[in-house]
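Taking it in order: structure first as structure tokens, then the write-up.
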Amino acid sequence: MAPIDLQSLGVFILCVVLIGLGISVFLHDRRAEINRLFALFVFATVGWIISISMSLSGQDIDRTVLLGRLAFAFASAMPFTSLWMFQAFSASVPTTRQQGVIIPGIFCLLSIVSSLSPWIVTRATPGSPRPNFTYGVLHPFFGVYIILCFGFALYTLWRKIQSASGINKLQLRYLLLGILLGGAGAITTNLLIPLVWKTSQYSIFGPYFALVLVSFWAHAIIRYRLMDIKVVIRKGFVYFCAISVAALVFMGLAGVVSWATGYDKQRIPVITAVALAVGVAIFFQPLKNWIQNSLNRYLYREAYDYQRTIREASRRLSTILDLQSLLMYLTEVIERTLRVEMVAVYVADVPQQIFRPRVVRSAEEWRQRAPGPTLFGTSPLVRFFEHEKKTLVLDEATRVTGDLRFTAAVHELQSLGGEIAFPFFQDHMISGFLVVGPKRSGDPYFAEDTDLLSTLASQAGIALKNAQLYREVTLANEYIENMLTTMESGVIAVSPNRRITLFNPAAERMTGHSASDLRSAPLERLPSPLAASLEATLTDGQPRPHLEITLLDALGRLTPIACSTSALRDAAGNIHGAVAVFNDLSRVKELEEEKRRAERLAAFGALARGIAHEIKNPLVAIKTFAELLPERFNDVEFREGFAKVVVGEIEQIDALVTRLRGLAPPPQATPVLVDARVPLEETLTFLSGSLTSKGVTVIRVIPSTLPQVLADPAQLRQLFLNVFLNSLDAMEGRGNLTIRMAASDRGAGQQVLVIQLTDTGSGIPAEALGKIFDPFFTTKARGTGLGLAICRGIVDTHKGTIRAENNKDGPGATITVELPVPVGAMAEALR
């Protein structure tokens, strides 16, 4: 068997590769026109390579001429099939098949027919190292056809590239480079040189330019999935490559050892061979992994685990609640996985209808750009997302024409530096969007990349809503904390299990306790009035508004407060705690004291005017008689009248002074625990004669058990006496005097003794109700207006209250006196 030279072996390998490429493309989708045309072009190219190589490799002249003419026939089909294939690529540039394919096809058929005749290849003559062709009269016209058809094919492909975008543009670029370089080389060696120098000695090199064509086209198929072909490398191919490389290494090392030791290549010592084999075996697995990784990087770029990426991202996105951290992680995952130049996340500011770039990640490092373009709700990109509710891909720009909204959105996406954008939606409203820039490798976004980004965008939209809700809750808590910190009212909240959950600074100031000491402490740690109010509200769920209580702090200071408690309920009405809000009444009490002081000053002025009036009248009478006394001293009748008038007027002044002494504050006596029923009964005994003579019936509504009060018994008798005397004066005939006594709970542990004295007299004029406790105010013809004023002074001394009102269910009036009950007095009364 004749040996196969290296040239024939190279041509054979090249043809096998081309045939395998053409069959693979054809079988991938035999119904697609582009796949069929690609297979046809490959068939023409393989036919030309085999024909030209065999025609120039032998010295049989007849065989050389036949194969040469066949090579020219295949060469005639190559530019036309490439033109037809380029015409079939989808793009937005319209083409006319009648002019773009049919006319060149006619010239192609004419050229094929002419190639099989003596008009292009006339004969062949022996030459060294290979035969030489003699060309016919149509050879120049063949060259013109090849050049024009090839140029038209390149022009068609160039127009397709101009109108294409994204991955299609990259695919067509590699097609253009491959056919331009390969075609230019083949035309030079197999057409131009024979036309100019009339020799075919260099035509044997033409088939090798097909390697350039195959390289670029294979790269477009492998890297950019030309014609949607996905290359899969089996483990067997990886092992084949690894074994081949290992065998070459072994043979190379064996040759080096043989040359160095002088042994024959066929007779290397066993020990040396075993050592070489063991060394190759040791490095076989790392070699296989390196080949696998290299092929993966070439075929699939930087491979990523889709499922693992989604799983890890989902887990992290669902646990991050801080909005900024969430967006930073999202952009970091996208940049790390897809190796993109830029990732930006725009988040909606709903009240202002604007979208701000919250995070922008560049290819180099994290940086918060300053601050990037802010988009309004009327921007084309936002309007596109609102109407279309889908992803915007820059590669689709050339496929959609006439849609002004889409075109404007694409332009805005380009201005943001993005190639693809994904919207976020919340309740059918756009809440933001993700902008991803081009890959640093220049690769387009494949279907897997788009699916990954779409899944991440969907999960990020949900996580974004959670983060925004968390942010709103945080802001609300901060607002409440700031409000509670700055407000003047004390606020205390307790849980259903009686634990303190809230204690603001105002509460610290008024109670003298530290929030850090009381937070989560039991309710009993609070001052007893506050604890009692909160406990009662937690128990029955009823609010207790405007309770006036006194707090005793750790330093022994008394602070009067107004406290309101309320239950905290959920939507179902269940009690989940209680809150107490209280205010410091110290300033209010000071103002009240100032008001009372002013009232006392006003009353003192009225008193002074009343005293002056009451004393002046007797003095006028005395002065008048005194002035007439010298003239009428000897008049016995005048002297007797003078003596009577002077004594009477002096007695009137003395009575007035006696009443004034009762109005003045009595000497400070030490208050004692008094059962108010005792001075009451003593006063009734003192007035029994008057009550009987006027036919007044006393009705007592008094329980058997009453708390004692801290008071001066003598002043209580004076209080009852003045009120009873007014009632007797008001009841001109028979009537009833009803006396009621009862203990009343004012909340927060505060109790009072309520004493109501009701008569059935004429009542009090409405216009006089607010003045009857003022000094010298009276509705009686001969009254002094000091009795009820004295009663008010006594009640004020005992820190109680007194009020008057007409009876609603009958004639007469009621005087109500409330005296505070000291803590523990009620419990003592119940024993």
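Here's how to read the names in the structure tokens: chain A, B, ... by the order shown, residue numbers from 1 in each chain, ligand numbers from 1 in the order shown.
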Contacts of A:Leu40 at 9 Å (only C-alpha atoms; same-chain gap of 5+ positions) as a list of chain:residue names: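 Those residues are A:Gly22, A:Asn35, A:Thr45, A:Met78, A:Thr81, A:Ser82, A:Met85.
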Residues from the last selection, all heavy atoms, saved as a compact mmCIF listing (two decimals), in the first residue's frame:
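So selection-v8.txt came out as:
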```txt
# COMPACT_ATOMS: atom_id res chain seq x y z
N GLY A 22 -21.10 20.11 8.32
CA GLY A 22 -22.30 20.26 7.50
C GLY A 22 -23.40 19.30 7.91
O GLY A 22 -24.57 19.68 7.99
N ASN A 35 -30.18 26.03 7.67
CA ASN A 35 -29.40 24.82 7.91
C ASN A 35 -29.18 24.04 6.61
O ASN A 35 -28.09 23.52 6.36
CB ASN A 35 -30.11 23.94 8.93
CG ASN A 35 -30.15 24.56 10.32
OD1 ASN A 35 -30.52 25.72 10.46
ND2 ASN A 35 -29.78 23.82 11.33
N THR A 45 -18.08 23.18 -0.96
CA THR A 45 -16.68 23.44 -0.55
C THR A 45 -15.89 22.15 -0.47
O THR A 45 -14.72 22.08 -0.94
CB THR A 45 -16.68 24.15 0.82
OG1 THR A 45 -17.45 25.35 0.73
CG2 THR A 45 -15.27 24.49 1.25
N MET A 78 -19.82 27.63 -5.04
CA MET A 78 -19.48 28.12 -3.70
C MET A 78 -19.94 29.57 -3.46
O MET A 78 -20.61 29.84 -2.46
CB MET A 78 -17.98 27.98 -3.45
CG MET A 78 -17.53 26.52 -3.26
SD MET A 78 -15.73 26.35 -3.18
CE MET A 78 -15.35 27.36 -1.77
N THR A 81 -23.91 29.62 -3.36
CA THR A 81 -24.51 29.01 -2.15
C THR A 81 -24.28 29.88 -0.92
O THR A 81 -25.14 29.96 -0.04
CB THR A 81 -23.94 27.61 -1.91
OG1 THR A 81 -22.51 27.66 -1.90
CG2 THR A 81 -24.40 26.66 -3.00
N SER A 82 -23.10 30.54 -0.86
CA SER A 82 -22.87 31.45 0.27
C SER A 82 -23.81 32.65 0.20
O SER A 82 -24.36 33.09 1.22
CB SER A 82 -21.41 31.91 0.29
OG SER A 82 -21.11 32.68 -0.86
N MET A 85 -27.24 31.50 1.23
CA MET A 85 -27.28 31.28 2.68
C MET A 85 -27.36 32.62 3.43
O MET A 85 -28.13 32.77 4.39
CB MET A 85 -26.03 30.51 3.11
CG MET A 85 -25.94 30.26 4.62
SD MET A 85 -24.50 29.31 5.09
CE MET A 85 -23.19 30.41 4.55
```
Would you pick out the contacts of A:Cys563 at 6 Å or less, using only C-alpha atoms, so that residues sharing its chain but fewer than 2 positions from it are not included, and give the list as a list of chain:residue names?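 Once the adjacent positions are removed, what remains is A:His546, A:Leu547, A:Val581, A:Phe582.
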Would you mind exporting C-alpha atoms of the selected residues as a compact mmCIF listing (two decimals), in the first residue's frame?
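Listed below is the output, selection_19.txt:
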```
# COMPACT_ATOMS: atom_id res chain seq x y z
CA HIS A 546 -58.39 61.65 84.19
CA LEU A 547 -57.56 60.18 87.58
CA VAL A 581 -50.54 58.10 80.07
CA PHE A 582 -50.06 60.66 82.82
```
Measuring atom to atom with only C-alpha atoms, identify which of A:Ile179, A:Leu530, A:Ala457, A:Leu716 is nearest to A:Ala507.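 Ranked by minimum distance to A:Ala507, first place goes to A:Leu530.
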Using only C-alpha atoms, which of A:Leu213, A:Leu728, A:Leu788, A:Ile147 sits nearest A:Ile772? A:Leu788
What's around A:Val347 at 7 Å? Count only C-alpha atoms, leave out sequence neighbours fewer than 5 positions away in its own chain, and write the answer as a ChimeraX atom specification. /A:355-358,431-433
Next, the residues of the selection above should be written as a PDB file, in the first residue's frame with all heavy atoms.
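File produced: selection13.pdb:
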```pdb
ATOM      1  N   PHE A 355     -38.008  57.467  40.364  1.00  0.00           N
ATOM      2  CA  PHE A 355     -37.237  56.245  40.544  1.00  0.00           C
ATOM      3  C   PHE A 355     -35.773  56.637  40.713  1.00  0.00           C
ATOM      4  O   PHE A 355     -35.174  57.240  39.804  1.00  0.00           O
ATOM      5  CB  PHE A 355     -37.422  55.322  39.338  1.00  0.00           C
ATOM      6  CG  PHE A 355     -38.810  54.771  39.208  1.00  0.00           C
ATOM      7  CD1 PHE A 355     -39.826  55.531  38.661  1.00  0.00           C
ATOM      8  CD2 PHE A 355     -39.120  53.493  39.658  1.00  0.00           C
ATOM      9  CE1 PHE A 355     -41.110  55.044  38.554  1.00  0.00           C
ATOM     10  CE2 PHE A 355     -40.399  52.993  39.556  1.00  0.00           C
ATOM     11  CZ  PHE A 355     -41.398  53.771  39.005  1.00  0.00           C
ATOM     12  N   ARG A 356     -35.226  56.305  41.862  1.00  0.00           N
ATOM     13  CA  ARG A 356     -33.848  56.679  42.186  1.00  0.00           C
ATOM     14  C   ARG A 356     -32.945  55.447  42.099  1.00  0.00           C
ATOM     15  O   ARG A 356     -33.346  54.354  42.502  1.00  0.00           O
ATOM     16  CB  ARG A 356     -33.755  57.263  43.588  1.00  0.00           C
ATOM     17  CG  ARG A 356     -34.668  58.451  43.833  1.00  0.00           C
ATOM     18  CD  ARG A 356     -34.494  58.970  45.256  1.00  0.00           C
ATOM     19  NE  ARG A 356     -35.469  59.988  45.588  1.00  0.00           N
ATOM     20  CZ  ARG A 356     -35.332  61.282  45.309  1.00  0.00           C
ATOM     21  NH1 ARG A 356     -34.228  61.691  44.693  1.00  0.00           N
ATOM     22  NH2 ARG A 356     -36.265  62.135  45.645  1.00  0.00           N
ATOM     23  N   PRO A 357     -31.708  55.620  41.612  1.00  0.00           N
ATOM     24  CA  PRO A 357     -30.749  54.496  41.604  1.00  0.00           C
ATOM     25  C   PRO A 357     -30.201  54.279  43.001  1.00  0.00           C
ATOM     26  O   PRO A 357     -29.348  55.028  43.465  1.00  0.00           O
ATOM     27  CB  PRO A 357     -29.671  54.969  40.624  1.00  0.00           C
ATOM     28  CG  PRO A 357     -29.741  56.462  40.662  1.00  0.00           C
ATOM     29  CD  PRO A 357     -31.163  56.830  40.955  1.00  0.00           C
ATOM     30  N   ARG A 358     -30.698  53.236  43.689  1.00  0.00           N
ATOM     31  CA  ARG A 358     -30.274  52.987  45.059  1.00  0.00           C
ATOM     32  C   ARG A 358     -28.906  52.328  45.121  1.00  0.00           C
ATOM     33  O   ARG A 358     -28.113  52.604  46.017  1.00  0.00           O
ATOM     34  CB  ARG A 358     -31.307  52.094  45.757  1.00  0.00           C
ATOM     35  CG  ARG A 358     -32.644  52.768  45.983  1.00  0.00           C
ATOM     36  CD  ARG A 358     -32.506  53.949  46.924  1.00  0.00           C
ATOM     37  NE  ARG A 358     -31.993  53.528  48.205  1.00  0.00           N
ATOM     38  CZ  ARG A 358     -32.760  53.173  49.223  1.00  0.00           C
ATOM     39  NH1 ARG A 358     -34.065  53.219  49.103  1.00  0.00           N
ATOM     40  NH2 ARG A 358     -32.244  52.796  50.371  1.00  0.00           N
ATOM     41  N   SER A 431     -42.645  48.908  41.224  1.00  0.00           N
ATOM     42  CA  SER A 431     -41.955  49.393  42.418  1.00  0.00           C
ATOM     43  C   SER A 431     -40.473  49.627  42.182  1.00  0.00           C
ATOM     44  O   SER A 431     -39.774  50.109  43.054  1.00  0.00           O
ATOM     45  CB  SER A 431     -42.120  48.391  43.560  1.00  0.00           C
ATOM     46  OG  SER A 431     -41.573  47.132  43.205  1.00  0.00           O
ATOM     47  N   GLY A 432     -39.995  49.306  41.010  1.00  0.00           N
ATOM     48  CA  GLY A 432     -38.584  49.491  40.680  1.00  0.00           C
ATOM     49  C   GLY A 432     -38.217  48.626  39.499  1.00  0.00           C
ATOM     50  O   GLY A 432     -39.052  47.923  38.924  1.00  0.00           O
ATOM     51  N   PHE A 433     -36.959  48.674  39.113  1.00  0.00           N
ATOM     52  CA  PHE A 433     -36.497  47.835  38.018  1.00  0.00           C
ATOM     53  C   PHE A 433     -34.994  47.633  38.121  1.00  0.00           C
ATOM     54  O   PHE A 433     -34.277  48.409  38.773  1.00  0.00           O
ATOM     55  CB  PHE A 433     -36.884  48.422  36.650  1.00  0.00           C
ATOM     56  CG  PHE A 433     -36.442  49.840  36.433  1.00  0.00           C
ATOM     57  CD1 PHE A 433     -35.206  50.138  35.889  1.00  0.00           C
ATOM     58  CD2 PHE A 433     -37.284  50.887  36.773  1.00  0.00           C
ATOM     59  CE1 PHE A 433     -34.812  51.438  35.689  1.00  0.00           C
ATOM     60  CE2 PHE A 433     -36.893  52.199  36.574  1.00  0.00           C
ATOM     61  CZ  PHE A 433     -35.651  52.475  36.031  1.00  0.00           C
TER      62      PHE A 433
END
```
Residue with smallest distance to A:Arg471 - pool A:Leu326, A:Leu195, A:Val636, A:Leu552, counting only C-alpha atoms: A:Leu326
I need the residue nearest A:Leu769 from this list: A:Glu805, A:Leu180, A:Thr539, A:Asp745. Use only C-alpha atoms for the distance. A:Glu805
Show which residues sit within 8 Å of stretch 694-708 of chain A, as a PyMOL selection string. Count only C-alpha atoms, and ignore same-chain residues fewer than 4 positions away. chain A and resi 673-676+690+728+732-743+753+821-822+825-826+828-830
Dump of N, CA, C and O atoms for the selected residues, as an mmCIF file, in the first residue's frame:
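Generated file (selection-v4.cif):
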```
data_model
loop_
_atom_site.group_PDB
_atom_site.id
_atom_site.type_symbol
_atom_site.label_atom_id
_atom_site.label_comp_id
_atom_site.auth_asym_id
_atom_site.auth_seq_id
_atom_site.Cartn_x
_atom_site.Cartn_y
_atom_site.Cartn_z
ATOM 1 N N LEU A 673 -58.091 61.627 113.317
ATOM 2 C CA LEU A 673 -59.059 60.791 112.630
ATOM 3 C C LEU A 673 -60.418 60.968 113.295
ATOM 4 O O LEU A 673 -60.566 60.735 114.515
ATOM 5 N N VAL A 674 -61.370 61.400 112.520
ATOM 6 C CA VAL A 674 -62.681 61.731 113.056
ATOM 7 C C VAL A 674 -63.738 60.951 112.295
ATOM 8 O O VAL A 674 -63.684 60.860 111.059
ATOM 9 N N ASP A 675 -64.688 60.405 113.028
ATOM 10 C CA ASP A 675 -65.883 59.845 112.405
ATOM 11 C C ASP A 675 -66.845 61.009 112.201
ATOM 12 O O ASP A 675 -67.344 61.612 113.156
ATOM 13 N N ALA A 676 -67.066 61.398 110.944
ATOM 14 C CA ALA A 676 -67.846 62.601 110.641
ATOM 15 C C ALA A 676 -69.271 62.531 111.199
ATOM 16 O O ALA A 676 -69.948 63.566 111.318
ATOM 17 N N SER A 690 -84.731 74.258 117.432
ATOM 18 C CA SER A 690 -85.123 75.006 116.226
ATOM 19 C C SER A 690 -85.779 74.076 115.222
ATOM 20 O O SER A 690 -86.765 74.448 114.558
ATOM 21 N N LEU A 728 -82.552 75.907 107.391
ATOM 22 C CA LEU A 728 -83.702 76.268 108.198
ATOM 23 C C LEU A 728 -84.300 77.594 107.742
ATOM 24 O O LEU A 728 -85.528 77.770 107.709
ATOM 25 N N GLU A 732 -89.354 77.898 105.255
ATOM 26 C CA GLU A 732 -90.154 78.759 106.111
ATOM 27 C C GLU A 732 -91.190 77.951 106.889
ATOM 28 O O GLU A 732 -91.543 78.301 108.016
ATOM 29 N N GLY A 733 -91.746 76.876 106.294
ATOM 30 C CA GLY A 733 -92.720 76.047 107.000
ATOM 31 C C GLY A 733 -92.121 74.689 107.254
ATOM 32 O O GLY A 733 -90.920 74.533 107.496
ATOM 33 N N ARG A 734 -92.962 73.680 107.174
ATOM 34 C CA ARG A 734 -92.490 72.340 107.371
ATOM 35 C C ARG A 734 -91.634 71.918 106.189
ATOM 36 O O ARG A 734 -91.824 72.362 105.075
ATOM 37 N N GLY A 735 -90.738 70.981 106.463
ATOM 38 C CA GLY A 735 -89.881 70.463 105.397
ATOM 39 C C GLY A 735 -89.032 69.294 105.879
ATOM 40 O O GLY A 735 -89.111 68.874 107.031
ATOM 41 N N ASN A 736 -88.223 68.836 104.963
ATOM 42 C CA ASN A 736 -87.349 67.699 105.284
ATOM 43 C C ASN A 736 -85.897 68.101 105.098
ATOM 44 O O ASN A 736 -85.536 68.786 104.114
ATOM 45 N N LEU A 737 -85.088 67.672 106.016
ATOM 46 C CA LEU A 737 -83.639 67.847 105.920
ATOM 47 C C LEU A 737 -83.023 66.456 105.822
ATOM 48 O O LEU A 737 -83.017 65.713 106.808
ATOM 49 N N THR A 738 -82.522 66.122 104.601
ATOM 50 C CA THR A 738 -82.000 64.778 104.352
ATOM 51 C C THR A 738 -80.478 64.823 104.391
ATOM 52 O O THR A 738 -79.841 65.668 103.733
ATOM 53 N N ILE A 739 -79.926 63.901 105.172
ATOM 54 C CA ILE A 739 -78.461 63.828 105.328
ATOM 55 C C ILE A 739 -78.005 62.479 104.781
ATOM 56 O O ILE A 739 -78.453 61.427 105.257
ATOM 57 N N ARG A 740 -77.091 62.521 103.772
ATOM 58 C CA ARG A 740 -76.550 61.293 103.174
ATOM 59 C C ARG A 740 -75.040 61.293 103.350
ATOM 60 O O ARG A 740 -74.368 62.305 103.133
ATOM 61 N N MET A 741 -74.518 60.129 103.706
ATOM 62 C CA MET A 741 -73.072 59.947 103.829
ATOM 63 C C MET A 741 -72.697 58.643 103.132
ATOM 64 O O MET A 741 -73.407 57.641 103.268
ATOM 65 N N ALA A 742 -71.581 58.680 102.399
ATOM 66 C CA ALA A 742 -71.105 57.464 101.707
ATOM 67 C C ALA A 742 -69.643 57.652 101.324
ATOM 68 O O ALA A 742 -69.145 58.781 101.160
ATOM 69 N N ALA A 743 -68.962 56.514 101.216
ATOM 70 C CA ALA A 743 -67.570 56.528 100.734
ATOM 71 C C ALA A 743 -67.586 56.308 99.225
ATOM 72 O O ALA A 743 -68.333 55.479 98.702
ATOM 73 N N LEU A 753 -64.934 60.858 101.346
ATOM 74 C CA LEU A 753 -66.190 60.755 102.089
ATOM 75 C C LEU A 753 -67.121 61.828 101.543
ATOM 76 O O LEU A 753 -66.818 63.030 101.607
ATOM 77 N N VAL A 821 -60.188 60.734 102.194
ATOM 78 C CA VAL A 821 -60.019 59.665 103.183
ATOM 79 C C VAL A 821 -58.564 59.237 103.151
ATOM 80 O O VAL A 821 -58.032 58.904 102.086
ATOM 81 N N PRO A 822 -57.859 59.240 104.251
ATOM 82 C CA PRO A 822 -56.452 58.803 104.242
ATOM 83 C C PRO A 822 -56.329 57.333 103.876
ATOM 84 O O PRO A 822 -57.252 56.536 104.073
ATOM 85 N N ALA A 825 -57.703 54.032 105.785
ATOM 86 C CA ALA A 825 -58.814 54.324 106.684
ATOM 87 C C ALA A 825 -60.023 53.471 106.341
ATOM 88 O O ALA A 825 -60.762 53.019 107.213
ATOM 89 N N MET A 826 -60.230 53.213 105.028
ATOM 90 C CA MET A 826 -61.374 52.396 104.636
ATOM 91 C C MET A 826 -61.189 50.961 105.089
ATOM 92 O O MET A 826 -62.118 50.312 105.572
ATOM 93 N N GLU A 828 -59.524 50.019 107.603
ATOM 94 C CA GLU A 828 -59.691 50.000 109.053
ATOM 95 C C GLU A 828 -61.174 50.019 109.432
ATOM 96 O O GLU A 828 -61.593 49.374 110.386
ATOM 97 N N ALA A 829 -61.983 50.750 108.639
ATOM 98 C CA ALA A 829 -63.416 50.849 108.933
ATOM 99 C C ALA A 829 -64.128 49.530 108.700
ATOM 100 O O ALA A 829 -65.148 49.241 109.326
ATOM 101 N N LEU A 830 -63.608 48.731 107.764
ATOM 102 C CA LEU A 830 -64.251 47.470 107.420
ATOM 103 C C LEU A 830 -63.948 46.373 108.429
ATOM 104 O O LEU A 830 -64.526 45.285 108.352
#
```
Run DSSP on the backbone of this structure and report the residues of stretch 325-524 of chain A it assigns to alpha helix (DSSP H), as a PyMOL selection string. chain A and resi 325-338+380-388+404-415+447-486+505-511+515-518
Any idea what's packed within 12 Å of A:Tyr346, counting only C-alpha atoms, ignoring anything in its chain fewer than 4 positions away? Could you give it as number ranges by chain? A: 323-324, 327, 331, 354-360, 371-377, 381-382, 416, 421-424, 430-436, 461, 464
Can you pull out the residues contacting stretch 197-205 of chain A? Cut-off 7 Å, using only C-alpha atoms, and skip same-chain residues under 4 positions away; I want them as a PDB file with all heavy atoms, in the first residue's frame.
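Once written, selection_7.pdb looks like this:
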```
ATOM      1  N   ILE A  52      -9.836  19.644  -6.390  1.00  0.00           N
ATOM      2  CA  ILE A  52      -8.601  20.382  -6.699  1.00  0.00           C
ATOM      3  C   ILE A  52      -7.396  19.666  -6.130  1.00  0.00           C
ATOM      4  O   ILE A  52      -6.312  19.649  -6.736  1.00  0.00           O
ATOM      5  CB  ILE A  52      -8.706  21.833  -6.179  1.00  0.00           C
ATOM      6  CG1 ILE A  52      -7.621  22.695  -6.812  1.00  0.00           C
ATOM      7  CG2 ILE A  52      -8.621  21.888  -4.657  1.00  0.00           C
ATOM      8  CD1 ILE A  52      -7.794  22.889  -8.298  1.00  0.00           C
ATOM      9  N   SER A  53      -7.550  19.026  -4.958  1.00  0.00           N
ATOM     10  CA  SER A  53      -6.416  18.326  -4.352  1.00  0.00           C
ATOM     11  C   SER A  53      -6.049  17.086  -5.173  1.00  0.00           C
ATOM     12  O   SER A  53      -4.855  16.825  -5.428  1.00  0.00           O
ATOM     13  CB  SER A  53      -6.748  17.937  -2.907  1.00  0.00           C
ATOM     14  OG  SER A  53      -7.013  19.077  -2.132  1.00  0.00           O
ATOM     15  N   LEU A  56      -4.387  17.837  -8.694  1.00  0.00           N
ATOM     16  CA  LEU A  56      -3.006  18.329  -8.676  1.00  0.00           C
ATOM     17  C   LEU A  56      -2.047  17.393  -7.962  1.00  0.00           C
ATOM     18  O   LEU A  56      -0.869  17.706  -7.815  1.00  0.00           O
ATOM     19  CB  LEU A  56      -2.961  19.706  -7.990  1.00  0.00           C
ATOM     20  CG  LEU A  56      -3.746  20.829  -8.696  1.00  0.00           C
ATOM     21  CD1 LEU A  56      -3.683  22.113  -7.885  1.00  0.00           C
ATOM     22  CD2 LEU A  56      -3.197  21.063 -10.100  1.00  0.00           C
ATOM     23  N   ARG A 130       3.814  19.411  -9.734  1.00  0.00           N
ATOM     24  CA  ARG A 130       2.437  18.999  -9.994  1.00  0.00           C
ATOM     25  C   ARG A 130       2.046  19.487 -11.392  1.00  0.00           C
ATOM     26  O   ARG A 130       2.676  20.411 -11.944  1.00  0.00           O
ATOM     27  CB  ARG A 130       1.508  19.543  -8.926  1.00  0.00           C
ATOM     28  CG  ARG A 130       1.561  21.029  -8.743  1.00  0.00           C
ATOM     29  CD  ARG A 130       0.764  21.471  -7.523  1.00  0.00           C
ATOM     30  NE  ARG A 130       1.313  20.915  -6.293  1.00  0.00           N
ATOM     31  CZ  ARG A 130       2.290  21.501  -5.581  1.00  0.00           C
ATOM     32  NH1 ARG A 130       2.837  22.629  -5.998  1.00  0.00           N
ATOM     33  NH2 ARG A 130       2.745  20.944  -4.496  1.00  0.00           N
ATOM     34  N   ASN A 132       0.091  21.269 -14.607  1.00  0.00           N
ATOM     35  CA  ASN A 132      -0.293  22.662 -14.809  1.00  0.00           C
ATOM     36  C   ASN A 132      -1.442  22.702 -15.817  1.00  0.00           C
ATOM     37  O   ASN A 132      -1.442  21.983 -16.810  1.00  0.00           O
ATOM     38  CB  ASN A 132       0.898  23.468 -15.345  1.00  0.00           C
ATOM     39  CG  ASN A 132       0.661  24.964 -15.206  1.00  0.00           C
ATOM     40  OD1 ASN A 132      -0.012  25.408 -14.298  1.00  0.00           O
ATOM     41  ND2 ASN A 132       1.222  25.724 -16.130  1.00  0.00           N
ATOM     42  N   PHE A 133      -2.474  23.536 -15.536  1.00  0.00           N
ATOM     43  CA  PHE A 133      -3.646  23.616 -16.402  1.00  0.00           C
ATOM     44  C   PHE A 133      -3.445  24.660 -17.487  1.00  0.00           C
ATOM     45  O   PHE A 133      -2.766  25.677 -17.287  1.00  0.00           O
ATOM     46  CB  PHE A 133      -4.911  23.986 -15.596  1.00  0.00           C
ATOM     47  CG  PHE A 133      -5.368  22.897 -14.669  1.00  0.00           C
ATOM     48  CD1 PHE A 133      -5.263  23.041 -13.278  1.00  0.00           C
ATOM     49  CD2 PHE A 133      -5.903  21.725 -15.176  1.00  0.00           C
ATOM     50  CE1 PHE A 133      -5.688  22.046 -12.435  1.00  0.00           C
ATOM     51  CE2 PHE A 133      -6.338  20.723 -14.330  1.00  0.00           C
ATOM     52  CZ  PHE A 133      -6.225  20.875 -12.952  1.00  0.00           C
ATOM     53  N   THR A 189      -5.041  32.395  -4.677  1.00  0.00           N
ATOM     54  CA  THR A 189      -4.214  31.269  -5.141  1.00  0.00           C
ATOM     55  C   THR A 189      -4.835  30.507  -6.294  1.00  0.00           C
ATOM     56  O   THR A 189      -4.115  29.933  -7.122  1.00  0.00           O
ATOM     57  CB  THR A 189      -3.986  30.302  -3.963  1.00  0.00           C
ATOM     58  OG1 THR A 189      -5.244  29.863  -3.456  1.00  0.00           O
ATOM     59  CG2 THR A 189      -3.203  30.977  -2.851  1.00  0.00           C
ATOM     60  N   ASN A 190      -6.152  30.464  -6.372  1.00  0.00           N
ATOM     61  CA  ASN A 190      -6.805  29.611  -7.359  1.00  0.00           C
ATOM     62  C   ASN A 190      -7.478  30.378  -8.500  1.00  0.00           C
ATOM     63  O   ASN A 190      -7.990  29.760  -9.428  1.00  0.00           O
ATOM     64  CB  ASN A 190      -7.863  28.732  -6.694  1.00  0.00           C
ATOM     65  CG  ASN A 190      -7.257  27.679  -5.802  1.00  0.00           C
ATOM     66  OD1 ASN A 190      -6.628  28.022  -4.809  1.00  0.00           O
ATOM     67  ND2 ASN A 190      -7.408  26.409  -6.142  1.00  0.00           N
ATOM     68  N   ILE A 193      -3.917  34.353  -9.407  1.00  0.00           N
ATOM     69  CA  ILE A 193      -2.581  33.944  -9.886  1.00  0.00           C
ATOM     70  C   ILE A 193      -2.677  33.204 -11.227  1.00  0.00           C
ATOM     71  O   ILE A 193      -1.908  33.494 -12.156  1.00  0.00           O
ATOM     72  CB  ILE A 193      -1.875  33.089  -8.813  1.00  0.00           C
ATOM     73  CG1 ILE A 193      -1.512  33.966  -7.597  1.00  0.00           C
ATOM     74  CG2 ILE A 193      -0.634  32.416  -9.389  1.00  0.00           C
ATOM     75  CD1 ILE A 193      -0.861  33.210  -6.471  1.00  0.00           C
TER      76      ILE A 193
END
```
Identify which of the residues A:Glu524, A:Glu548, A:Asp635, A:Asp729 lies closest to A:Gln750, counting only C-alpha atoms when measuring atom-to-atom distances. A:Glu548
Of the residues A:Cys791, A:Gly183, A:Ala813, A:Gly770, which is the one nearest to A:Met731, using only C-alpha atoms?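 Nearest candidate to A:Met731 out of A:Cys791, A:Gly183, A:Ala813, A:Gly770: A:Ala813.
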